[in-house]
Amino acid sequence: MVSKGSATKGSAQAIDYIMNDKEKGQAVELDRNLISGNNGNEIIAEFREIQQFNHNCSNNTYSIVLSPSEEKKHWSNEELKDFGQAHLKNLGLENNQYLMTAHRSTKHPHIHIICNRINLDGNAHSDQFISKKCQESAEKIAQEKGLITAKEMAQLKQIELKPLKKEIHQAHEFAKEKS
């Protein structure tokens, strides 16, 4: 399981994107919290109402992508929702405004989350190392669910590549000797 996260200014277009899965049409909405809008303009307006209580924060919206590992062919919407909710809880964002959708237009289903950094008290969630925190949360969820972690996947790929690297090195050495 892998995740990326970044703090952005937030936009109606970003919200519209996560609500629309390119090739297959409508994305599947998994969850939402403290928002009622039906499109990007309405939802970003709801975010802005809360964001007006904190003028110090300019990148006041998180854009997060969470991708489960590939060991299972099909993840149900309920399983994806559970992953997303656990992810938000690990990051301390479960009580903030957010929209969570699933995209299935690629070979690997993934979860998009647009989340307000400003909570209902007007306090900004720290975005320091947010991408690293997202990856750590994804690792934790994978371990709890008994899934392959990103680190384990990288190690497996290294093991798979060792014979190929050795073969390339031998061919290179052979070519050097014969030139």
# chains A, B, ... in the order shown; residues from 1 in each chain; ligands from 1

$ residues_around --residues "A:Ser58" --least-positions-apart "4" --cutoff "10 Å" --atoms "only C-alpha atoms" --output "count of residues only"
6

$ residues_around --residues "A:Ile15" --least-positions-apart "2" --cutoff "12 Å" --atoms "only C-alpha atoms" --output "PyMOL selection string"
chain A and resi 9-13+17-21+27+29+37-45+47+61-64+98-101+112-116

$ write_last_selection --atoms "N, CA, C and O atoms" --output "short mmCIF file (atom, residue, chain, number, x, y, z; two decimals), in the first residue's frame"
data_model
loop_
_atom_site.label_atom_id
_atom_site.label_comp_id
_atom_site.auth_asym_id
_atom_site.auth_seq_id
_atom_site.Cartn_x
_atom_site.Cartn_y
_atom_site.Cartn_z
N LYS A 9 -3.70 24.83 -2.40
CA LYS A 9 -4.69 25.88 -2.16
C LYS A 9 -6.11 25.33 -2.28
O LYS A 9 -7.03 25.89 -1.74
N GLY A 10 -6.25 24.22 -2.99
CA GLY A 10 -7.57 23.63 -3.19
C GLY A 10 -8.30 24.33 -4.33
O GLY A 10 -8.14 25.53 -4.53
N SER A 11 -9.05 23.55 -5.08
CA SER A 11 -9.80 24.13 -6.20
C SER A 11 -11.02 23.28 -6.51
O SER A 11 -11.07 22.09 -6.20
N ALA A 12 -12.00 23.93 -7.12
CA ALA A 12 -13.20 23.22 -7.54
C ALA A 12 -12.84 22.18 -8.59
O ALA A 12 -13.42 21.09 -8.61
N GLN A 13 -11.85 22.48 -9.45
CA GLN A 13 -11.44 21.54 -10.50
C GLN A 13 -10.86 20.26 -9.89
O GLN A 13 -11.12 19.17 -10.39
N TYR A 17 -12.41 16.64 -10.39
CA TYR A 17 -11.60 15.54 -10.92
C TYR A 17 -11.80 14.27 -10.09
O TYR A 17 -11.99 13.19 -10.65
N ILE A 18 -11.73 14.38 -8.76
CA ILE A 18 -11.85 13.15 -7.96
C ILE A 18 -13.28 12.60 -8.00
O ILE A 18 -13.49 11.43 -7.73
N MET A 19 -14.24 13.45 -8.38
CA MET A 19 -15.63 12.99 -8.47
C MET A 19 -15.94 12.36 -9.83
O MET A 19 -17.02 11.81 -10.02
N ASN A 20 -14.99 12.44 -10.78
CA ASN A 20 -15.21 11.92 -12.12
C ASN A 20 -14.04 11.05 -12.53
O ASN A 20 -12.93 11.53 -12.69
N ASP A 21 -14.27 9.76 -12.70
CA ASP A 21 -13.22 8.81 -13.06
C ASP A 21 -13.11 8.77 -14.59
O ASP A 21 -13.98 8.24 -15.26
N ALA A 27 -16.84 8.56 -10.66
CA ALA A 27 -16.10 7.86 -9.61
C ALA A 27 -17.09 7.42 -8.54
O ALA A 27 -18.19 7.94 -8.44
N GLU A 29 -18.20 7.49 -4.87
CA GLU A 29 -17.99 8.21 -3.61
C GLU A 29 -18.01 7.20 -2.48
O GLU A 29 -18.98 6.46 -2.30
N GLY A 37 -22.22 19.51 -0.48
CA GLY A 37 -22.22 19.93 -1.88
C GLY A 37 -22.18 18.77 -2.85
O GLY A 37 -21.73 17.67 -2.53
N ASN A 38 -22.67 19.04 -4.08
CA ASN A 38 -22.73 18.00 -5.11
C ASN A 38 -21.69 18.16 -6.21
O ASN A 38 -21.61 17.33 -7.10
N ASN A 39 -20.93 19.27 -6.17
CA ASN A 39 -19.90 19.48 -7.19
C ASN A 39 -18.74 20.26 -6.57
O ASN A 39 -18.80 20.69 -5.41
N GLY A 40 -17.70 20.45 -7.36
CA GLY A 40 -16.50 21.11 -6.87
C GLY A 40 -16.74 22.51 -6.33
O GLY A 40 -16.20 22.88 -5.28
N ASN A 41 -17.55 23.30 -7.03
CA ASN A 41 -17.81 24.68 -6.59
C ASN A 41 -18.52 24.71 -5.24
O ASN A 41 -18.19 25.52 -4.37
N GLU A 42 -19.51 23.84 -5.07
CA GLU A 42 -20.25 23.83 -3.81
C GLU A 42 -19.38 23.34 -2.65
O GLU A 42 -19.41 23.91 -1.55
N ILE A 43 -18.58 22.30 -2.90
CA ILE A 43 -17.76 21.74 -1.82
C ILE A 43 -16.62 22.69 -1.46
O ILE A 43 -16.36 22.91 -0.27
N ILE A 44 -15.98 23.32 -2.45
CA ILE A 44 -14.89 24.25 -2.13
C ILE A 44 -15.45 25.46 -1.38
O ILE A 44 -14.79 26.00 -0.49
N ALA A 45 -16.67 25.86 -1.67
CA ALA A 45 -17.31 26.96 -0.94
C ALA A 45 -17.51 26.58 0.53
O ALA A 45 -17.29 27.40 1.44
N PHE A 47 -15.62 24.39 2.17
CA PHE A 47 -14.27 24.43 2.74
C PHE A 47 -13.89 25.87 3.09
O PHE A 47 -13.33 26.14 4.16
N THR A 61 -5.68 23.00 1.94
CA THR A 61 -6.41 21.80 1.52
C THR A 61 -5.39 20.68 1.25
O THR A 61 -4.34 20.93 0.67
N TYR A 62 -5.71 19.48 1.70
CA TYR A 62 -4.86 18.33 1.40
C TYR A 62 -5.43 17.58 0.21
O TYR A 62 -6.64 17.37 0.11
N SER A 63 -4.53 17.15 -0.65
CA SER A 63 -4.86 16.23 -1.73
C SER A 63 -4.09 14.95 -1.44
O SER A 63 -2.86 14.96 -1.41
N ILE A 64 -4.80 13.86 -1.21
CA ILE A 64 -4.19 12.59 -0.79
C ILE A 64 -4.64 11.48 -1.74
O ILE A 64 -5.82 11.41 -2.12
N TYR A 98 -13.99 16.40 4.56
CA TYR A 98 -13.30 15.67 3.49
C TYR A 98 -14.28 15.01 2.55
O TYR A 98 -15.44 14.79 2.89
N LEU A 99 -13.76 14.70 1.36
CA LEU A 99 -14.48 13.91 0.37
C LEU A 99 -13.54 12.79 -0.05
O LEU A 99 -12.37 13.04 -0.36
N MET A 100 -14.05 11.56 -0.06
CA MET A 100 -13.24 10.38 -0.41
C MET A 100 -13.93 9.64 -1.55
O MET A 100 -15.12 9.31 -1.45
N THR A 101 -13.18 9.41 -2.64
CA THR A 101 -13.73 8.68 -3.78
C THR A 101 -12.78 7.58 -4.21
O THR A 101 -11.60 7.60 -3.89
N HIS A 112 -8.94 8.66 -3.71
CA HIS A 112 -8.61 10.09 -3.68
C HIS A 112 -9.32 10.71 -2.48
O HIS A 112 -10.50 10.44 -2.26
N ILE A 113 -8.60 11.55 -1.76
CA ILE A 113 -9.20 12.27 -0.64
C ILE A 113 -8.83 13.75 -0.78
O ILE A 113 -7.66 14.08 -0.94
N ILE A 114 -9.83 14.60 -0.75
CA ILE A 114 -9.61 16.04 -0.64
C ILE A 114 -10.10 16.39 0.76
O ILE A 114 -11.24 16.11 1.13
N CYS A 115 -9.20 16.98 1.56
CA CYS A 115 -9.50 17.22 2.97
C CYS A 115 -9.13 18.65 3.35
O CYS A 115 -8.08 19.16 2.93
N ASN A 116 -9.98 19.28 4.13
CA ASN A 116 -9.71 20.62 4.63
C ASN A 116 -8.67 20.55 5.75
O ASN A 116 -8.84 19.79 6.69
#

$ residues_around --residues "A:Gly122" --least-positions-apart "2" --cutoff "8 Å" --atoms "only C-alpha atoms" --output "compact mmCIF listing (two decimals) with N, CA and C atoms, in the first residue's frame"
# COMPACT_ATOMS: atom_id res chain seq x y z
N ILE A 50 -15.04 27.43 6.43
CA ILE A 50 -14.23 27.06 7.60
C ILE A 50 -12.85 27.70 7.51
N GLN A 51 -12.28 27.77 6.31
CA GLN A 51 -10.94 28.31 6.12
C GLN A 51 -10.84 29.80 6.44
N PHE A 53 -11.65 31.16 9.02
CA PHE A 53 -11.30 31.32 10.42
C PHE A 53 -9.80 31.25 10.68
N ASN A 54 -9.03 30.97 9.62
CA ASN A 54 -7.57 30.91 9.76
C ASN A 54 -6.96 31.59 8.53
N ILE A 118 -8.01 22.96 7.74
CA ILE A 118 -8.50 23.77 8.86
C ILE A 118 -9.66 23.02 9.52
N ASN A 119 -9.53 22.81 10.83
CA ASN A 119 -10.61 22.10 11.53
C ASN A 119 -11.70 23.09 11.95
N LEU A 120 -12.73 22.60 12.60
CA LEU A 120 -13.87 23.43 12.96
C LEU A 120 -13.54 24.50 13.99
N ALA A 124 -5.09 24.97 11.96
CA ALA A 124 -4.55 24.29 10.78
C ALA A 124 -3.80 23.03 11.21

$ decode --residues "stretch 17-50 of chain A" --atoms "N, CA and C atoms" --output "PDB file, in the first residue's frame"
ATOM      1  N   TYR A  17     -12.410  16.638 -10.391  1.00  0.00           N
ATOM      2  CA  TYR A  17     -11.599  15.535 -10.918  1.00  0.00           C
ATOM      3  C   TYR A  17     -11.795  14.268 -10.090  1.00  0.00           C
ATOM      4  N   ILE A  18     -11.732  14.376  -8.761  1.00  0.00           N
ATOM      5  CA  ILE A  18     -11.855  13.150  -7.963  1.00  0.00           C
ATOM      6  C   ILE A  18     -13.276  12.600  -7.996  1.00  0.00           C
ATOM      7  N   MET A  19     -14.238  13.450  -8.376  1.00  0.00           N
ATOM      8  CA  MET A  19     -15.628  12.992  -8.469  1.00  0.00           C
ATOM      9  C   MET A  19     -15.943  12.359  -9.831  1.00  0.00           C
ATOM     10  N   ASN A  20     -14.991  12.435 -10.780  1.00  0.00           N
ATOM     11  CA  ASN A  20     -15.214  11.923 -12.124  1.00  0.00           C
ATOM     12  C   ASN A  20     -14.042  11.049 -12.526  1.00  0.00           C
ATOM     13  N   ASP A  21     -14.273   9.760 -12.701  1.00  0.00           N
ATOM     14  CA  ASP A  21     -13.221   8.812 -13.065  1.00  0.00           C
ATOM     15  C   ASP A  21     -13.108   8.772 -14.587  1.00  0.00           C
ATOM     16  N   LYS A  22     -12.045   9.333 -15.118  1.00  0.00           N
ATOM     17  CA  LYS A  22     -11.778   9.550 -16.549  1.00  0.00           C
ATOM     18  C   LYS A  22     -12.565   8.676 -17.513  1.00  0.00           C
ATOM     19  N   GLU A  23     -12.117   7.455 -17.679  1.00  0.00           N
ATOM     20  CA  GLU A  23     -12.653   6.606 -18.742  1.00  0.00           C
ATOM     21  C   GLU A  23     -13.976   5.941 -18.379  1.00  0.00           C
ATOM     22  N   LYS A  24     -14.186   5.681 -17.122  1.00  0.00           N
ATOM     23  CA  LYS A  24     -15.382   4.925 -16.732  1.00  0.00           C
ATOM     24  C   LYS A  24     -16.483   5.833 -16.198  1.00  0.00           C
ATOM     25  N   GLY A  25     -16.313   7.148 -16.353  1.00  0.00           N
ATOM     26  CA  GLY A  25     -17.353   8.054 -15.918  1.00  0.00           C
ATOM     27  C   GLY A  25     -17.278   8.370 -14.448  1.00  0.00           C
ATOM     28  N   GLN A  26     -18.382   8.315 -13.788  1.00  0.00           N
ATOM     29  CA  GLN A  26     -18.489   8.731 -12.404  1.00  0.00           C
ATOM     30  C   GLN A  26     -17.629   7.878 -11.467  1.00  0.00           C
ATOM     31  N   ALA A  27     -16.835   8.557 -10.656  1.00  0.00           N
ATOM     32  CA  ALA A  27     -16.095   7.862  -9.611  1.00  0.00           C
ATOM     33  C   ALA A  27     -17.085   7.424  -8.539  1.00  0.00           C
ATOM     34  N   VAL A  28     -16.662   6.491  -7.717  1.00  0.00           N
ATOM     35  CA  VAL A  28     -17.525   6.019  -6.639  1.00  0.00           C
ATOM     36  C   VAL A  28     -17.200   6.816  -5.383  1.00  0.00           C
ATOM     37  N   GLU A  29     -18.200   7.490  -4.868  1.00  0.00           N
ATOM     38  CA  GLU A  29     -17.993   8.212  -3.608  1.00  0.00           C
ATOM     39  C   GLU A  29     -18.009   7.196  -2.476  1.00  0.00           C
ATOM     40  N   LEU A  30     -16.929   7.192  -1.693  1.00  0.00           N
ATOM     41  CA  LEU A  30     -16.821   6.247  -0.585  1.00  0.00           C
ATOM     42  C   LEU A  30     -17.298   6.857   0.727  1.00  0.00           C
ATOM     43  N   ASP A  31     -16.961   8.127   0.941  1.00  0.00           N
ATOM     44  CA  ASP A  31     -17.285   8.755   2.222  1.00  0.00           C
ATOM     45  C   ASP A  31     -17.144  10.263   2.093  1.00  0.00           C
ATOM     46  N   ARG A  32     -17.805  10.974   2.985  1.00  0.00           N
ATOM     47  CA  ARG A  32     -17.656  12.422   3.104  1.00  0.00           C
ATOM     48  C   ARG A  32     -17.936  12.798   4.545  1.00  0.00           C
ATOM     49  N   ASN A  33     -17.369  13.915   4.960  1.00  0.00           N
ATOM     50  CA  ASN A  33     -17.574  14.369   6.335  1.00  0.00           C
ATOM     51  C   ASN A  33     -17.774  15.879   6.347  1.00  0.00           C
ATOM     52  N   LEU A  34     -18.877  16.309   6.934  1.00  0.00           N
ATOM     53  CA  LEU A  34     -19.192  17.718   7.162  1.00  0.00           C
ATOM     54  C   LEU A  34     -19.309  18.542   5.878  1.00  0.00           C
ATOM     55  N   ILE A  35     -19.675  17.902   4.777  1.00  0.00           N
ATOM     56  CA  ILE A  35     -19.935  18.616   3.529  1.00  0.00           C
ATOM     57  C   ILE A  35     -21.196  18.048   2.896  1.00  0.00           C
ATOM     58  N   SER A  36     -21.907  18.906   2.154  1.00  0.00           N
ATOM     59  CA  SER A  36     -23.132  18.443   1.515  1.00  0.00           C
ATOM     60  C   SER A  36     -23.192  18.770   0.033  1.00  0.00           C
ATOM     61  N   GLY A  37     -22.217  19.507  -0.485  1.00  0.00           N
ATOM     62  CA  GLY A  37     -22.218  19.927  -1.884  1.00  0.00           C
ATOM     63  C   GLY A  37     -22.184  18.766  -2.849  1.00  0.00           C
ATOM     64  N   ASN A  38     -22.668  19.037  -4.079  1.00  0.00           N
ATOM     65  CA  ASN A  38     -22.734  18.004  -5.110  1.00  0.00           C
ATOM     66  C   ASN A  38     -21.690  18.161  -6.207  1.00  0.00           C
ATOM     67  N   ASN A  39     -20.927  19.266  -6.168  1.00  0.00           N
ATOM     68  CA  ASN A  39     -19.900  19.478  -7.187  1.00  0.00           C
ATOM     69  C   ASN A  39     -18.742  20.263  -6.570  1.00  0.00           C
ATOM     70  N   GLY A  40     -17.696  20.447  -7.361  1.00  0.00           N
ATOM     71  CA  GLY A  40     -16.497  21.106  -6.869  1.00  0.00           C
ATOM     72  C   GLY A  40     -16.741  22.510  -6.334  1.00  0.00           C
ATOM     73  N   ASN A  41     -17.551  23.299  -7.034  1.00  0.00           N
ATOM     74  CA  ASN A  41     -17.812  24.675  -6.589  1.00  0.00           C
ATOM     75  C   ASN A  41     -18.519  24.710  -5.238  1.00  0.00           C
ATOM     76  N   GLU A  42     -19.508  23.844  -5.070  1.00  0.00           N
ATOM     77  CA  GLU A  42     -20.252  23.829  -3.810  1.00  0.00           C
ATOM     78  C   GLU A  42     -19.376  23.342  -2.651  1.00  0.00           C
ATOM     79  N   ILE A  43     -18.581  22.300  -2.895  1.00  0.00           N
ATOM     80  CA  ILE A  43     -17.757  21.742  -1.823  1.00  0.00           C
ATOM     81  C   ILE A  43     -16.623  22.693  -1.455  1.00  0.00           C
ATOM     82  N   ILE A  44     -15.981  23.315  -2.451  1.00  0.00           N
ATOM     83  CA  ILE A  44     -14.893  24.245  -2.126  1.00  0.00           C
ATOM     84  C   ILE A  44     -15.449  25.456  -1.377  1.00  0.00           C
ATOM     85  N   ALA A  45     -16.675  25.860  -1.671  1.00  0.00           N
ATOM     86  CA  ALA A  45     -17.310  26.957  -0.944  1.00  0.00           C
ATOM     87  C   ALA A  45     -17.506  26.578   0.529  1.00  0.00           C
ATOM     88  N   GLU A  46     -17.872  25.329   0.774  1.00  0.00           N
ATOM     89  CA  GLU A  46     -18.025  24.851   2.151  1.00  0.00           C
ATOM     90  C   GLU A  46     -16.673  24.830   2.868  1.00  0.00           C
ATOM     91  N   PHE A  47     -15.624  24.393   2.167  1.00  0.00           N
ATOM     92  CA  PHE A  47     -14.270  24.428   2.741  1.00  0.00           C
ATOM     93  C   PHE A  47     -13.887  25.869   3.091  1.00  0.00           C
ATOM     94  N   ARG A  48     -14.166  26.798   2.176  1.00  0.00           N
ATOM     95  CA  ARG A  48     -13.771  28.206   2.368  1.00  0.00           C
ATOM     96  C   ARG A  48     -14.464  28.827   3.580  1.00  0.00           C
ATOM     97  N   GLU A  49     -15.693  28.385   3.868  1.00  0.00           N
ATOM     98  CA  GLU A  49     -16.387  28.909   5.053  1.00  0.00           C
ATOM     99  C   GLU A  49     -15.594  28.621   6.325  1.00  0.00           C
ATOM    100  N   ILE A  50     -15.038  27.430   6.431  1.00  0.00           N
ATOM    101  CA  ILE A  50     -14.226  27.057   7.597  1.00  0.00           C
ATOM    102  C   ILE A  50     -12.845  27.704   7.510  1.00  0.00           C
TER     103      ILE A  50
END
